[in-house]
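Asks: Shown below is the structure under consideration.
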Amino acid sequence: MSPLAPQPPRRVAVIGGARVPFARSDGPYATDSNQEMLTAALDALVERHGLQGPGAVGEFVAGAVLKHSRDFNLARETVLGSALDPRTPAYDIQQACGTGLQAVIAAANKIALGQTESAIAGGADTASDAPLGVNDRLRRILLEARRAKTTGGRLKALAKVRPGHLVPDIPRNAEPRTGLSMGEHAAVTARAWGISREEQDALAAASHQRLAAAYERGLFQDLVVPFRGLARDQNLRPGSTVEKLAALKPVFGLDAPAPTMTAGNSTPLTDGAATVLLASEEWAEARGIEPLAYLTAYETAAVDFVGGDVAGGEDGLLMAPAYAVPRMLERAGLGIGDFDLVEIHEAFASQVLATLAAWEKRGLAPVDRARLNVAGSSLATGHPFAATGARIVATLATLLAEREGPGRGLISVCAAGGQGVTAILERT
């Protein structure tokens, strides 16, 4: 028998999304786990799209960056605690801040290949309930005690414990390879690209103002579900202005003259969760659903932020999208001018501005600022690491759907470890 002819990949539709409002760390969600927040977002999606029945969804893929040992099999445990059919397969994924978008891509690939008809992707993170590691010296003593064959041997090992061994290893927001925090890395990039304080504050103020306007006009009515007393993102400051932000003191890059990065033009530590429903065209048509948009391309990249051209700005920790996006656009035969909307994850205002400058340096046309993050982004919403990608996909798809006629949107997400995840959404 002759082998079956390969089938072209199917189009992947974005059907809808749901998330809990994002909260500042140690706030309303301080005692909520990743699973509790992710379950709330998943249940909201299930309810809004009638996904309670057997086999309604092919699989669930999600992840978290800050994970406890209890988060083992997080996606599957979330399914088992949700309104989704317990026979729905699920698995975890993690790529730092790119986790949510990478989960969407993983689910989309199976739909495109005909391996499933529908899937839900998402992510959750709690900075409030970050895991604390056992002091390494105490860990070694406890392992020694466990390996001991007699009670006397176990007691002898435990007798080595000293008060200093009881101090836990506190999670650090630092890159293992450099010891620098993400903010300090971003400050190096800001200096390399000559990003001014005024530019950063203007972008941050616009993010808050645009997010507030989006809430007022009802953009998030079908995307955000109230949780723990919150109905809107807690970090949102509708009255943010360049003048107010200018009064804040710098917090990153203090080892160099004229530091520019403040708490106001950087994202805060955040708790939250988000989900997105994806499906084949056939699945949507059979249910009489008009897709919000289609996921048509995606690309990942990484930079050498340890030994590369870091001081020159080319290989800064958060600059991988500067490589991924031009590569993706060349493959798709598109330019920046072909996009009606551009969504760049706002880890820091300086990182967004450096990315825009790098795209231009690589031959892309300037991004029309009126098309950039038109409903605000991470500076205003906050940034629960693994949830941000799903938030952006659902928001951008909704923005495209509310426009008259066809439209195209670009997504760019930077991530720890010098990585970047990017994608294209289209509405035809």
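Ordering of the structure tokens sets the chain letters (A, B, ...); residue numbers start at 1 within each chain; ligands are numbered from 1 in the order shown.
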Can you check which residues of region 81-330 of chain A DSSP gives as strand (DSSP E) on the backbone and send them as a ChimeraX atom specification?
Replies: /A:90-92,118-125,250-252,261-262,270-280,293-302
Asks: Write a file of the selected residues as a compact mmCIF listing (two decimals), in the first residue's frame, keeping N, CA and C atoms.
Replies:
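For reference, out_5.txt as written:
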# COMPACT_ATOMS: atom_id res chain seq x y z
N ALA A 90 -4.22 16.25 30.21
CA ALA A 90 -3.59 17.54 30.51
C ALA A 90 -2.11 17.34 30.78
N TYR A 91 -1.32 18.38 30.48
CA TYR A 91 0.10 18.31 30.80
C TYR A 91 0.65 19.71 31.04
N ASP A 92 1.79 19.75 31.73
CA ASP A 92 2.43 21.02 32.10
C ASP A 92 3.49 21.42 31.07
N SER A 118 -9.95 20.39 19.62
CA SER A 118 -10.01 21.56 20.49
C SER A 118 -9.07 21.38 21.66
N ALA A 119 -8.64 22.49 22.26
CA ALA A 119 -7.75 22.44 23.41
C ALA A 119 -7.82 23.77 24.15
N ILE A 120 -7.49 23.70 25.42
CA ILE A 120 -7.40 24.91 26.24
C ILE A 120 -5.95 25.07 26.68
N ALA A 121 -5.43 26.29 26.58
CA ALA A 121 -4.07 26.58 27.02
C ALA A 121 -4.11 27.70 28.05
N GLY A 122 -3.10 27.74 28.90
CA GLY A 122 -3.09 28.81 29.90
C GLY A 122 -1.90 28.73 30.82
N GLY A 123 -2.03 29.47 31.93
CA GLY A 123 -0.95 29.48 32.91
C GLY A 123 -1.36 30.26 34.14
N ALA A 124 -0.63 30.05 35.20
CA ALA A 124 -0.89 30.74 36.47
C ALA A 124 0.42 30.96 37.20
N ASP A 125 0.48 31.99 38.00
CA ASP A 125 1.64 32.20 38.87
C ASP A 125 1.25 33.02 40.08
N PRO A 250 14.30 56.03 40.94
CA PRO A 250 14.79 54.84 40.24
C PRO A 250 15.04 53.69 41.21
N VAL A 251 14.83 52.47 40.73
CA VAL A 251 15.06 51.28 41.57
C VAL A 251 16.02 50.29 40.92
N PHE A 252 16.27 50.43 39.62
CA PHE A 252 17.20 49.55 38.92
C PHE A 252 18.29 50.39 38.25
N MET A 261 15.03 53.57 35.48
CA MET A 261 13.97 52.58 35.68
C MET A 261 13.42 52.64 37.10
N THR A 262 12.09 52.82 37.18
CA THR A 262 11.40 52.96 38.46
C THR A 262 10.36 51.86 38.63
N THR A 270 3.21 39.87 40.68
CA THR A 270 1.77 39.74 40.47
C THR A 270 1.31 38.30 40.64
N ASP A 271 0.04 38.13 41.05
CA ASP A 271 -0.62 36.83 41.13
C ASP A 271 -1.77 36.80 40.12
N GLY A 272 -1.99 35.65 39.48
CA GLY A 272 -3.12 35.55 38.56
C GLY A 272 -3.05 34.32 37.68
N ALA A 273 -4.09 34.14 36.87
CA ALA A 273 -4.18 33.01 35.95
C ALA A 273 -5.02 33.38 34.74
N ALA A 274 -4.73 32.74 33.60
CA ALA A 274 -5.46 33.02 32.36
C ALA A 274 -5.55 31.76 31.51
N THR A 275 -6.61 31.66 30.72
CA THR A 275 -6.83 30.51 29.83
C THR A 275 -7.33 30.98 28.47
N VAL A 276 -7.12 30.15 27.44
CA VAL A 276 -7.58 30.43 26.08
C VAL A 276 -8.13 29.14 25.47
N LEU A 277 -9.25 29.25 24.77
CA LEU A 277 -9.84 28.11 24.07
C LEU A 277 -9.48 28.17 22.60
N LEU A 278 -8.89 27.09 22.08
CA LEU A 278 -8.49 26.99 20.69
C LEU A 278 -9.22 25.81 20.05
N ALA A 279 -9.43 25.87 18.74
CA ALA A 279 -10.14 24.78 18.07
C ALA A 279 -9.89 24.82 16.57
N SER A 280 -10.27 23.73 15.93
CA SER A 280 -10.24 23.69 14.47
C SER A 280 -11.45 24.46 13.92
N ALA A 293 -10.33 34.97 16.02
CA ALA A 293 -9.19 35.14 15.13
C ALA A 293 -8.56 33.78 14.89
N TYR A 294 -7.51 33.76 14.07
CA TYR A 294 -6.78 32.52 13.80
C TYR A 294 -5.30 32.73 14.13
N LEU A 295 -4.71 31.72 14.72
CA LEU A 295 -3.28 31.73 15.00
C LEU A 295 -2.57 31.19 13.77
N THR A 296 -1.79 32.03 13.10
CA THR A 296 -1.26 31.65 11.79
C THR A 296 0.24 31.45 11.73
N ALA A 297 0.98 31.95 12.72
CA ALA A 297 2.44 31.77 12.71
C ALA A 297 2.98 31.99 14.11
N TYR A 298 4.12 31.37 14.37
CA TYR A 298 4.78 31.60 15.66
C TYR A 298 6.26 31.30 15.52
N GLU A 299 7.05 31.85 16.40
CA GLU A 299 8.51 31.72 16.32
C GLU A 299 9.10 31.94 17.71
N THR A 300 10.14 31.18 18.04
CA THR A 300 10.86 31.40 19.28
C THR A 300 12.32 31.69 18.96
N ALA A 301 13.00 32.32 19.91
CA ALA A 301 14.41 32.64 19.74
C ALA A 301 15.06 32.73 21.11
N ALA A 302 16.38 32.72 21.12
CA ALA A 302 17.13 32.89 22.36
C ALA A 302 18.40 33.66 22.05
Asks: Region 257-372 of chain A near region 395-404 of chain A within 9 Å: what's each residue's closest atom pair and its distance in Å to one decimal, counting only C-alpha atoms, ordered by chain then ascending residue number, as JSON lines?
Replies:
{"residue": "A:Pro291", "atom": "CA", "partner": "A:Ala401", "partner_atom": "CA", "distance": 8.2}
{"residue": "A:Leu292", "atom": "CA", "partner": "A:Ala401", "partner_atom": "CA", "distance": 5.1}
{"residue": "A:Ala293", "atom": "CA", "partner": "A:Ala397", "partner_atom": "CA", "distance": 5.3}
{"residue": "A:Tyr294", "atom": "CA", "partner": "A:Ala397", "partner_atom": "CA", "distance": 8.0}
{"residue": "A:Asp340", "atom": "CA", "partner": "A:Leu400", "partner_atom": "CA", "distance": 8.5}
{"residue": "A:Leu341", "atom": "CA", "partner": "A:Leu396", "partner_atom": "CA", "distance": 7.9}
{"residue": "A:Val342", "atom": "CA", "partner": "A:Leu396", "partner_atom": "CA", "distance": 8.6}
{"residue": "A:Glu343", "atom": "CA", "partner": "A:Leu396", "partner_atom": "CA", "distance": 7.4}
Asks: Store the residues of this selection in a file with N, CA and C atoms, as a PDB file, in the first residue's frame.
Replies:
ATOM      1  N   PRO A 291     -15.086  32.199  15.137  1.00  0.00           N
ATOM      2  CA  PRO A 291     -13.815  32.421  15.833  1.00  0.00           C
ATOM      3  C   PRO A 291     -13.489  33.904  15.951  1.00  0.00           C
ATOM      4  N   LEU A 292     -12.801  34.232  17.034  1.00  0.00           N
ATOM      5  CA  LEU A 292     -12.348  35.614  17.200  1.00  0.00           C
ATOM      6  C   LEU A 292     -11.237  35.929  16.203  1.00  0.00           C
ATOM      7  N   ALA A 293     -10.334  34.967  16.023  1.00  0.00           N
ATOM      8  CA  ALA A 293      -9.188  35.144  15.125  1.00  0.00           C
ATOM      9  C   ALA A 293      -8.556  33.782  14.893  1.00  0.00           C
ATOM     10  N   TYR A 294      -7.509  33.761  14.071  1.00  0.00           N
ATOM     11  CA  TYR A 294      -6.779  32.524  13.799  1.00  0.00           C
ATOM     12  C   TYR A 294      -5.305  32.732  14.125  1.00  0.00           C
ATOM     13  N   ASP A 340      -2.328  45.509  11.955  1.00  0.00           N
ATOM     14  CA  ASP A 340      -3.226  46.528  12.488  1.00  0.00           C
ATOM     15  C   ASP A 340      -2.983  46.768  13.972  1.00  0.00           C
ATOM     16  N   LEU A 341      -2.524  45.723  14.674  1.00  0.00           N
ATOM     17  CA  LEU A 341      -2.286  45.807  16.114  1.00  0.00           C
ATOM     18  C   LEU A 341      -0.983  45.097  16.449  1.00  0.00           C
ATOM     19  N   VAL A 342      -0.268  45.640  17.411  1.00  0.00           N
ATOM     20  CA  VAL A 342       0.986  45.039  17.878  1.00  0.00           C
ATOM     21  C   VAL A 342       0.931  44.943  19.394  1.00  0.00           C
ATOM     22  N   GLU A 343       1.142  43.739  19.915  1.00  0.00           N
ATOM     23  CA  GLU A 343       1.128  43.504  21.362  1.00  0.00           C
ATOM     24  C   GLU A 343       2.526  43.080  21.804  1.00  0.00           C
TER      25      GLU A 343
END
Asks: As an exercise, work out the distance from CA of Glu290 (chain A) to CA of Pro406 (chain A) in Å and give it to one decimal place.
Replies: 13.5 Å
Asks: With only C-alpha atoms as the basis for distance, which of A:Gln200, A:Gln221, A:Ser82, A:Thr88 is at the shortest distance from Glu59 (chain A)?
Replies: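 The answer is A:Thr88, which sits nearest to Glu59 (chain A).
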Asks: Within 12 Å of Glu360 (chain A), counting only C-alpha atoms, which residues show up once you throw out same-chain ones fewer than 2 positions away? Write them as a list in words, please.
Replies: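 Selected residues are Ala322, Tyr323, Val325, Pro326, Gly335, Ile336, Leu353, Ala354, Thr355, Leu356, Ala357, Ala358, Arg362, Gly363, Leu364, Ala365, Pro366 and Val367 of chain A.
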Asks: Write out as a PDB file with N, CA and C atoms, in the first residue's frame which residues come within 6 Å of Arg408 (chain A) when counting only C-alpha atoms, dropping same-chain ones fewer than 2 positions away.
Replies:
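Produced file around.pdb, reproduced below:
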ATOM      1  N   PHE A 339       0.437  44.921   9.903  1.00  0.00           N
ATOM      2  CA  PHE A 339      -0.247  44.627  11.160  1.00  0.00           C
ATOM      3  C   PHE A 339      -1.086  45.814  11.629  1.00  0.00           C
ATOM      4  N   ASP A 340      -2.328  45.509  11.955  1.00  0.00           N
ATOM      5  CA  ASP A 340      -3.226  46.528  12.488  1.00  0.00           C
ATOM      6  C   ASP A 340      -2.983  46.768  13.972  1.00  0.00           C
ATOM      7  N   LEU A 425      -1.670  36.621  14.936  1.00  0.00           N
ATOM      8  CA  LEU A 425      -3.100  36.317  14.885  1.00  0.00           C
ATOM      9  C   LEU A 425      -3.700  37.050  13.700  1.00  0.00           C
ATOM     10  N   GLU A 426      -4.642  36.401  13.024  1.00  0.00           N
ATOM     11  CA  GLU A 426      -5.311  37.040  11.882  1.00  0.00           C
ATOM     12  C   GLU A 426      -6.811  36.809  11.948  1.00  0.00           C
TER      13      GLU A 426
END
Asks: Can you check which residues of region 122-275 of chain A DSSP gives as alpha helix (DSSP H) on the backbone and send them as a ChimeraX atom specification?
Replies: /A:136-147,151-158,182-193,197-216,242-246
Asks: Considering only C-alpha atoms, give me a table of residues in region 279-380 of chain A that are at most 12 Å from region 205-215 of chain A, with the closest atom pair and distance in Å for each, as CSV.
Replies:
residue,atom,partner,partner_atom,distance
A:Glu343,CA,A:Ser207,CA,11.4
A:Ile344,CA,A:Ser207,CA,11.2
A:His345,CA,A:Ser207,CA,11.0
A:Glu346,CA,A:Ser207,CA,8.9
A:Ala347,CA,A:Ser207,CA,12.0
A:Phe348,CA,A:Ser207,CA,11.4
A:Ala349,CA,A:Ser207,CA,9.6
A:Val352,CA,A:Ser207,CA,11.7
A:Arg369,CA,A:Ala206,CA,10.3
A:Ala370,CA,A:Ala206,CA,10.4
A:Arg371,CA,A:Arg210,CA,11.5
A:Leu372,CA,A:Ser207,CA,9.7
A:Asn373,CA,A:Ser207,CA,7.2
A:Val374,CA,A:Arg210,CA,6.2
A:Ala375,CA,A:Leu211,CA,4.8
A:Gly376,CA,A:Ser207,CA,4.1
A:Ser377,CA,A:Ser207,CA,5.9
A:Ser378,CA,A:Ser207,CA,7.9
A:Leu379,CA,A:Ser207,CA,6.3
A:Ala380,CA,A:His208,CA,4.8
Asks: Got time to write the residues from that selection, N, CA and C atoms, as a short mmCIF file (atom, residue, chain, number, x, y, z; two decimals), in the first residue's frame?
Replies:
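Just written: out-v6.cif:
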data_model
loop_
_atom_site.label_atom_id
_atom_site.label_comp_id
_atom_site.auth_asym_id
_atom_site.auth_seq_id
_atom_site.Cartn_x
_atom_site.Cartn_y
_atom_site.Cartn_z
N GLU A 343 1.14 43.74 19.91
CA GLU A 343 1.13 43.50 21.36
C GLU A 343 2.53 43.08 21.80
N ILE A 344 3.18 43.95 22.56
CA ILE A 344 4.49 43.63 23.13
C ILE A 344 4.34 43.54 24.64
N HIS A 345 4.67 42.40 25.21
CA HIS A 345 4.63 42.22 26.66
C HIS A 345 5.52 43.27 27.33
N GLU A 346 4.94 44.02 28.25
CA GLU A 346 5.65 45.11 28.90
C GLU A 346 6.31 44.66 30.21
N ALA A 347 7.34 43.84 30.10
CA ALA A 347 8.08 43.49 31.31
C ALA A 347 8.62 44.76 31.95
N PHE A 348 9.17 45.62 31.13
CA PHE A 348 9.66 46.95 31.52
C PHE A 348 9.41 47.87 30.33
N ALA A 349 9.12 49.12 30.60
CA ALA A 349 8.93 50.07 29.50
C ALA A 349 10.21 50.16 28.66
N VAL A 352 10.44 47.32 26.10
CA VAL A 352 9.57 47.52 24.93
C VAL A 352 10.22 48.48 23.95
N ARG A 369 2.73 53.89 17.02
CA ARG A 369 2.42 53.79 18.45
C ARG A 369 0.91 53.74 18.71
N ALA A 370 0.12 54.21 17.78
CA ALA A 370 -1.33 54.15 17.95
C ALA A 370 -1.84 52.71 17.83
N ARG A 371 -1.01 51.82 17.30
CA ARG A 371 -1.38 50.41 17.15
C ARG A 371 -0.73 49.53 18.21
N LEU A 372 0.09 50.11 19.07
CA LEU A 372 0.86 49.35 20.05
C LEU A 372 0.12 49.25 21.38
N ASN A 373 -0.14 48.02 21.82
CA ASN A 373 -0.76 47.78 23.14
C ASN A 373 -1.95 48.71 23.37
N VAL A 374 -2.91 48.64 22.45
CA VAL A 374 -4.01 49.62 22.44
C VAL A 374 -4.95 49.47 23.63
N ALA A 375 -4.92 48.31 24.30
CA ALA A 375 -5.75 48.11 25.49
C ALA A 375 -4.89 47.99 26.74
N GLY A 376 -3.69 48.57 26.69
CA GLY A 376 -2.77 48.45 27.81
C GLY A 376 -2.10 47.09 27.80
N SER A 377 -1.10 46.93 28.65
CA SER A 377 -0.43 45.63 28.74
C SER A 377 0.12 45.45 30.14
N SER A 378 1.23 44.76 30.27
CA SER A 378 1.67 44.26 31.57
C SER A 378 2.02 45.34 32.58
N LEU A 379 2.45 46.52 32.13
CA LEU A 379 2.73 47.59 33.07
C LEU A 379 1.48 47.98 33.84
N ALA A 380 0.33 47.85 33.23
CA ALA A 380 -0.93 48.20 33.88
C ALA A 380 -1.62 46.98 34.49
#
